[in-house]
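For reference, upload-v5.tsv is printed below; it contains TSV, C-alpha atoms and all ligand atoms.
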```
chain	number	residue	atom	x	y	z
A	1	MET	CA	116.66	121.82	149.44
A	2	LYS	CA	116.83	119.29	146.61
A	3	PRO	CA	114.37	120.17	143.79
A	4	SER	CA	111.60	117.73	142.94
A	5	PRO	CA	112.18	115.70	139.75
A	6	THR	CA	109.55	117.87	138.05
A	7	ASP	CA	111.31	121.09	139.03
A	8	ASP	CA	114.67	119.62	138.17
A	9	LEU	CA	113.76	118.19	134.74
A	10	CYS	CA	110.53	119.63	133.34
A	11	THR	CA	111.53	123.27	133.82
A	12	ARG	CA	114.46	122.61	131.49
A	13	CYS	CA	112.68	120.33	129.04
A	14	GLY	CA	109.13	121.07	127.85
A	15	LEU	CA	109.25	118.40	125.14
A	16	CYS	CA	105.78	117.10	126.05
A	17	CYS	CA	104.29	120.59	125.52
A	18	ASP	CA	106.33	122.10	122.66
A	19	GLY	CA	105.14	119.87	119.80
A	20	SER	CA	108.19	117.57	119.87
A	21	LEU	CA	106.66	114.53	121.57
A	22	PHE	CA	103.03	115.22	120.72
A	23	ALA	CA	101.06	117.06	118.05
A	24	ASP	CA	98.09	117.58	120.36
A	25	VAL	CA	96.62	116.94	123.81
A	26	GLU	CA	93.45	114.93	124.23
A	27	LEU	CA	91.01	116.96	126.31
A	28	ALA	CA	88.63	115.19	128.69
A	29	ARG	CA	84.94	116.05	128.88
A	30	ARG	CA	85.54	117.76	132.23
A	31	ASP	CA	88.17	120.10	130.73
A	32	ASN	CA	86.59	123.47	130.09
A	33	SER	CA	87.70	124.32	126.55
A	34	ALA	CA	86.05	127.77	126.72
A	35	VAL	CA	88.22	128.65	129.71
A	36	LEU	CA	91.31	127.21	128.00
A	37	GLU	CA	90.60	129.25	124.85
A	38	SER	CA	90.06	132.38	126.94
A	39	LEU	CA	93.55	131.75	128.32
A	40	GLY	CA	94.92	131.88	124.79
A	41	LEU	CA	95.14	128.18	123.95
A	42	GLU	CA	94.27	126.77	120.54
A	43	ILE	CA	91.51	124.14	120.72
A	44	GLU	CA	90.20	122.15	117.78
A	45	GLU	CA	87.64	119.40	117.24
A	46	ASP	CA	88.93	115.83	117.42
A	47	GLY	CA	88.30	114.16	114.09
A	48	GLU	CA	88.62	110.73	115.71
A	49	ARG	CA	86.22	111.11	118.66
A	50	ALA	CA	82.68	112.48	118.54
A	51	ASN	CA	82.15	115.67	120.55
A	52	ALA	CA	85.76	115.62	121.67
A	53	GLU	CA	88.39	118.35	121.51
A	54	LEU	CA	92.15	118.67	121.30
A	55	LEU	CA	94.62	121.21	122.62
A	56	VAL	CA	96.99	121.94	119.75
A	57	GLN	CA	100.73	121.81	120.34
A	58	PRO	CA	103.12	123.56	120.55
A	59	CYS	CA	101.04	124.81	123.46
A	60	ALA	CA	100.62	128.58	123.62
A	61	ALA	CA	100.84	128.39	127.41
A	62	LEU	CA	104.45	127.17	127.34
A	63	ARG	CA	106.99	129.88	128.15
A	64	ASN	CA	110.61	129.13	128.92
A	65	CYS	CA	109.74	125.48	129.65
A	66	ARG	CA	107.01	126.49	132.13
A	67	CYS	CA	103.24	126.18	131.93
A	68	THR	CA	101.82	129.67	132.35
A	69	ILE	CA	98.31	128.32	133.07
A	70	TYR	CA	99.48	125.68	135.53
A	71	ALA	CA	96.44	125.97	137.84
A	72	HIS	CA	94.06	125.63	134.87
A	73	ARG	CA	95.93	123.07	132.77
A	74	PRO	CA	93.92	120.17	131.26
A	75	GLY	CA	93.50	116.87	133.04
A	76	CYS	CA	95.97	114.84	131.05
A	77	CYS	CA	98.63	117.54	131.51
A	78	ARG	CA	98.15	117.02	135.26
A	79	THR	CA	98.59	113.27	135.06
A	80	PHE	CA	101.13	112.84	132.25
A	81	GLU	CA	104.68	111.96	133.23
A	82	CYS	CA	107.18	110.79	130.65
A	83	GLN	CA	109.26	107.66	131.09
A	84	VAL	CA	112.36	109.71	131.97
A	85	LEU	CA	110.59	111.59	134.77
A	86	GLN	CA	109.05	108.39	136.11
A	87	ALA	CA	112.43	106.65	136.16
A	88	VAL	CA	114.01	109.50	138.13
A	89	ARG	CA	111.10	109.40	140.59
A	90	ARG	CA	111.60	105.65	141.04
A	91	GLY	CA	115.34	106.11	141.51
A	92	THR	CA	116.23	103.92	138.53
A	93	LEU	CA	117.70	106.85	136.54
A	94	SER	CA	119.96	109.58	137.88
A	95	SER	CA	119.17	113.24	137.42
A	96	ALA	CA	122.39	113.60	135.41
A	97	ALA	CA	121.42	110.76	133.07
A	98	ALA	CA	117.94	112.26	132.64
A	99	HIS	CA	119.39	115.66	131.76
A	100	ALA	CA	121.74	113.96	129.29
A	101	THR	CA	118.76	112.28	127.61
A	102	ILE	CA	116.89	115.60	127.40
A	103	ALA	CA	119.99	117.30	125.98
A	104	GLU	CA	120.35	114.55	123.39
A	105	ALA	CA	116.68	115.02	122.46
A	106	PHE	CA	117.27	118.73	121.82
A	107	THR	CA	120.31	117.94	119.69
A	108	ARG	CA	118.39	115.38	117.63
A	109	ILE	CA	115.41	117.72	117.24
A	110	ASP	CA	117.68	120.57	116.14
A	111	ALA	CA	119.19	118.32	113.48
A	112	VAL	CA	115.72	117.61	112.05
A	113	ARG	CA	114.75	121.30	112.25
A	114	THR	CA	117.87	122.14	110.26
A	115	ARG	CA	116.73	119.75	107.53
A	116	VAL	CA	113.26	121.36	107.55
A	117	ARG	CA	114.76	124.86	107.16
A	118	GLN	CA	116.86	123.66	104.23
A	119	LEU	CA	113.59	123.00	102.40
A	120	GLY	CA	112.15	126.48	102.93
A	121	PRO	CA	110.45	128.76	105.46
A	122	VAL	CA	109.19	127.20	108.69
A	123	GLU	CA	105.95	127.99	110.51
A	124	GLU	CA	107.23	127.98	114.09
A	125	GLN	CA	103.72	127.61	115.56
A	126	LEU	CA	103.39	124.12	114.08
A	127	SER	CA	104.48	120.88	115.73
A	128	LEU	CA	107.71	119.42	114.42
A	129	ARG	CA	105.83	116.69	112.54
A	130	ASP	CA	103.56	119.26	110.87
A	131	GLN	CA	106.59	121.35	109.90
A	132	CYS	CA	108.10	118.27	108.29
A	133	THR	CA	104.84	117.38	106.53
A	134	ASP	CA	104.62	120.89	105.06
A	135	ALA	CA	108.25	120.83	103.96
A	136	VAL	CA	107.86	117.45	102.25
A	137	ALA	CA	104.63	118.58	100.56
A	138	ARG	CA	106.42	121.64	99.16
A	139	ALA	CA	109.28	119.45	97.98
A	140	ASP	CA	106.81	117.18	96.15
A	141	GLU	CA	105.91	120.15	93.94
A	142	ASP	CA	109.56	120.86	93.18
A	143	SER	CA	111.10	119.08	90.21
A	144	ARG	CA	114.73	119.48	91.32
A	145	PRO	CA	116.26	116.09	92.19
A	146	GLN	CA	118.29	117.49	95.11
A	147	ILE	CA	115.08	118.76	96.72
A	148	LYS	CA	113.49	115.32	96.41
A	149	THR	CA	116.59	113.80	97.97
A	150	SER	CA	116.49	116.31	100.84
A	151	ALA	CA	112.80	115.57	101.43
A	152	ASP	CA	113.48	111.82	101.53
A	153	GLN	CA	116.30	112.43	104.01
A	154	LEU	CA	114.01	114.59	106.13
A	155	GLU	CA	111.32	111.91	106.25
A	156	SER	CA	113.88	109.32	107.25
A	157	ALA	CA	115.40	111.60	109.90
A	158	LEU	CA	111.95	112.37	111.32
A	159	ALA	CA	111.06	108.68	111.52
A	160	ASP	CA	114.33	107.95	113.35
A	161	LEU	CA	113.77	110.88	115.72
A	162	GLU	CA	110.18	109.91	116.52
A	163	HIS	CA	111.22	106.34	117.17
A	164	TRP	CA	114.02	107.46	119.48
A	165	LEU	CA	111.82	109.98	121.32
A	166	HIS	CA	109.09	107.41	121.78
A	167	SER	CA	111.53	104.82	123.10
A	168	GLU	CA	113.24	107.20	125.52
A	169	PHE	CA	110.29	109.31	126.72
A	170	LEU	CA	107.16	107.20	126.20
A	171	ARG	CA	107.81	103.50	125.93
A	172	PRO	CA	109.72	101.11	123.70
A	173	ILE	CA	107.92	100.39	120.45
A	174	LYS	CA	108.36	97.83	117.71
A	175	SER	CA	110.33	99.25	114.81
A	176	SER	CA	107.30	98.99	112.51
A	177	ALA	CA	104.87	100.74	114.88
A	178	PRO	CA	104.00	104.40	114.36
A	179	ALA	CA	104.92	106.79	117.16
A	180	ALA	CA	102.08	108.23	119.26
A	181	ARG	CA	101.25	111.80	118.35
A	182	ARG	CA	98.74	112.59	121.06
A	183	LYS	CA	99.26	113.36	124.73
A	184	ARG	CA	96.93	111.11	126.66
A	185	THR	CA	96.42	109.98	130.21
A	186	PRO	CA	99.26	107.76	131.50
A	187	SER	CA	97.43	104.47	130.88
A	188	GLU	CA	96.99	105.39	127.22
A	189	ALA	CA	100.30	107.15	126.54
B	201	LIG	S1	108.99	115.28	128.51
B	201	LIG	FE1	109.18	114.50	130.62
B	201	LIG	S2	110.87	115.64	131.56
B	201	LIG	FE2	110.21	116.75	129.71
B	201	LIG	S3	108.71	118.27	130.46
B	201	LIG	FE3	107.56	116.44	129.83
B	201	LIG	S4	107.32	115.17	131.68
B	201	LIG	FE4	108.95	116.70	132.08
B	202	LIG	S1	98.55	123.49	129.24
B	202	LIG	FE1	100.54	123.62	130.28
B	202	LIG	S2	101.06	121.48	130.76
B	202	LIG	FE2	99.43	121.42	129.19
B	202	LIG	S3	100.47	121.32	127.18
B	202	LIG	FE3	100.14	123.51	127.66
B	202	LIG	S4	102.04	124.19	128.66
B	202	LIG	FE4	101.99	121.96	128.74
```
What does this structure look like when you write it as structure tokens?
Amino acid sequence: MKPSPTDDLCTRCGLCCDGSLFADVELARRDNSAVLESLGLEIEEDGERANAELLVQPCAALRNCRCTIYAHRPGCCRTFECQVLQAVRRGTLSSAAAHATIAEAFTRIDAVRTRVRQLGPVEEQLSLRDQCTDAVARADEDSRPQIKTSADQLESALADLEHWLHSEFLRPIKSSAPAARRKRTPSEA
């Protein structure tokens, strides 16, 4: 039997849960953060919304591109579908083309991770953006010109990557617009 687009793509992707597309997930009031924390997830207060909470990414429930708390996952994880998945569902993008886009995303992400590692140790539990922010902050305290150059190149590479990821997986954005860093319900993504 032919796999569903979710089984076909998401189980070999995980980019919307591993801190590549988003730095965090916006929890709804009905999401039970105590239950989510008891399942091992990291929850923090939302500095932008009163009495609101965020699920930090990379998500601790992600294992081998699968959600290990699938039955208990937050509301926006249930409703979120990236642009690639939606296009395959609609029949406007082939499975092969979708897999090629996901593979290209991994290649581009690896290239940025390589730049981060060149600037020092990496905290793997952080989102890619946070890893880059830490690396650039360390470089700012380093007086060596080549480190400054590497940090500038990293910031540029991250901006290019985020723009590409947003355009391919979320929706096209104007070149001057910042990329979204929060996983929200589809209408807000
Ligand atoms: S980014 Fe898209 S294809 Fe990848 S896991 Fe998320 S919804 Fe599935
Ligand atoms: S709870 Fe599951 S679906 Fe939601 S971010 Fe974590 S791994 Fe992904």
query: So which residues are near ligand LIG 201 (chain B), meaning at most 6 Å away with all atoms listed in the file counted, given back as a list of chain:residue names?
result: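 After applying the 6 Å limit, what remains is A:Leu9, A:Cys10, A:Cys13, A:Gly14, A:Leu15, A:Cys16, A:Glu81, A:Cys82, A:Val84, A:Leu85.
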Would you put the residues from that selection into a file with C-alpha atoms, as a compact mmCIF listing (two decimals), in the coordinates of the input?
```
# COMPACT_ATOMS: atom_id res chain seq x y z
CA LEU A 9 113.76 118.19 134.74
CA CYS A 10 110.53 119.63 133.34
CA CYS A 13 112.68 120.33 129.04
CA GLY A 14 109.13 121.07 127.85
CA LEU A 15 109.25 118.40 125.14
CA CYS A 16 105.78 117.10 126.05
CA GLU A 81 104.68 111.96 133.23
CA CYS A 82 107.18 110.79 130.65
CA VAL A 84 112.36 109.71 131.97
CA LEU A 85 110.59 111.59 134.77
```
Close residues, Glu124 in chain A itself excluded, 12 Å, all atoms listed in the file, min 2 positions apart in chain, as a PyMOL selection string: chain A and resi 18-20+57-60+113+116-117+121-122+126-132+134
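Taking CA of Leu36 in chain A and CA of Ala71 in chain A as endpoints, the distance between them is 11.2 Å.
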Check every protein, DNA and RNA residue against ligand LIG 202 (chain B), keep those with an atom at most 10 Å away (counting only C-alpha atoms and all ligand atoms), and present them as a JSON list (two decimals) with C-alpha atoms, keeping the file's coordinate frame.
```json
[["chain", "number", "residue", "atom", "x", "y", "z"],
["A", 10, "CYS", "CA", 110.53, 119.63, 133.34],
["A", 14, "GLY", "CA", 109.13, 121.07, 127.85],
["A", 15, "LEU", "CA", 109.25, 118.40, 125.14],
["A", 16, "CYS", "CA", 105.78, 117.10, 126.05],
["A", 17, "CYS", "CA", 104.29, 120.59, 125.52],
["A", 18, "ASP", "CA", 106.33, 122.10, 122.66],
["A", 19, "GLY", "CA", 105.14, 119.87, 119.80],
["A", 22, "PHE", "CA", 103.03, 115.22, 120.72],
["A", 24, "ASP", "CA", 98.09, 117.58, 120.36],
["A", 25, "VAL", "CA", 96.62, 116.94, 123.81],
["A", 26, "GLU", "CA", 93.45, 114.93, 124.23],
["A", 27, "LEU", "CA", 91.01, 116.96, 126.31],
["A", 36, "LEU", "CA", 91.31, 127.21, 128.00],
["A", 39, "LEU", "CA", 93.55, 131.75, 128.32],
["A", 41, "LEU", "CA", 95.14, 128.18, 123.95],
["A", 42, "GLU", "CA", 94.27, 126.77, 120.54],
["A", 55, "LEU", "CA", 94.62, 121.21, 122.62],
["A", 56, "VAL", "CA", 96.99, 121.94, 119.75],
["A", 57, "GLN", "CA", 100.73, 121.81, 120.34],
["A", 58, "PRO", "CA", 103.12, 123.56, 120.55],
["A", 59, "CYS", "CA", 101.04, 124.81, 123.46],
["A", 60, "ALA", "CA", 100.62, 128.58, 123.62],
["A", 61, "ALA", "CA", 100.84, 128.39, 127.41],
["A", 62, "LEU", "CA", 104.45, 127.17, 127.34],
["A", 63, "ARG", "CA", 106.99, 129.88, 128.15],
["A", 64, "ASN", "CA", 110.61, 129.13, 128.92],
["A", 65, "CYS", "CA", 109.74, 125.48, 129.65],
["A", 66, "ARG", "CA", 107.01, 126.49, 132.13],
["A", 67, "CYS", "CA", 103.24, 126.18, 131.93],
["A", 68, "THR", "CA", 101.82, 129.67, 132.35],
["A", 69, "ILE", "CA", 98.31, 128.32, 133.07],
["A", 70, "TYR", "CA", 99.48, 125.68, 135.53],
["A", 71, "ALA", "CA", 96.44, 125.97, 137.84],
["A", 72, "HIS", "CA", 94.06, 125.63, 134.87],
["A", 73, "ARG", "CA", 95.93, 123.07, 132.77],
["A", 74, "PRO", "CA", 93.92, 120.17, 131.26],
["A", 75, "GLY", "CA", 93.50, 116.87, 133.04],
["A", 76, "CYS", "CA", 95.97, 114.84, 131.05],
["A", 77, "CYS", "CA", 98.63, 117.54, 131.51],
["A", 78, "ARG", "CA", 98.15, 117.02, 135.26],
["A", 79, "THR", "CA", 98.59, 113.27, 135.06],
["A", 80, "PHE", "CA", 101.13, 112.84, 132.25],
["A", 183, "LYS", "CA", 99.26, 113.36, 124.73]]
```
- prompt: Near Ser95 in chain A, within 8 Å and counting only C-alpha atoms, which residues show up once chain neighbours fewer than 2 positions away are dropped, as a list of chain:residue names?
  reply: A:Pro5, A:Asp8, A:Leu9, A:Val88, A:Leu93, A:Ala97, A:Ala98, A:His99
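Distance check against Thr114 in chain A using all atoms listed in the file: of A:Asp140, A:Asp31, A:Arg49, A:Ala135, the minimum falls on A:Ala135.
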statement: Between CA of Gln125 in chain A and CA of Ile43 in chain A lies a distance of 13.7 Å
message: Between CA of Asp142 in chain A and CA of Leu119 in chain A, what is the distance in Å, rounded to a tenth?
response: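 One can read the CA of Asp142 in chain A to CA of Leu119 in chain A distance as 10.3 Å.
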What are the centre and the three edge lengths of an axis-aligned box that wraps all atoms of range 57-67 of chain A in the file, given that 6 Å is added to every side, written as JSON and rounded to one decimal in Å?
```
{"center_x": 105.6, "center_y": 125.8, "center_z": 126.2, "size_x": 22.0, "size_y": 20.1, "size_z": 23.8}
```
- request: Name all residues at most 8 Å from Ala52 in chain A (count only C-alpha atoms; drop same-chain ones fewer than 4 positions away) and give them as a VMD selection string.
  value: chain A and resid 27 to 29 45 to 46
field: Using all atoms listed in the file: which of A:Thr101, A:Thr11, A:Gly120, A:Thr133 has the shortest distance to Gln83 in chain A
entry: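 That would be A:Thr101, the residue with the smallest distance to Gln83 in chain A.
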Option closest in space to Arg89 in chain A, from A:Thr6, A:Ala50, A:Lys148, A:Ser143 [counting all atoms listed in the file]: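 Of all the options, A:Thr6 lies closest to Arg89 in chain A.
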Closest of A:Ser33, A:Asn51, A:Ser156, A:Gln86 to Glu168 in chain A - atom-to-atom distances counting all atoms listed in the file: A:Gln86
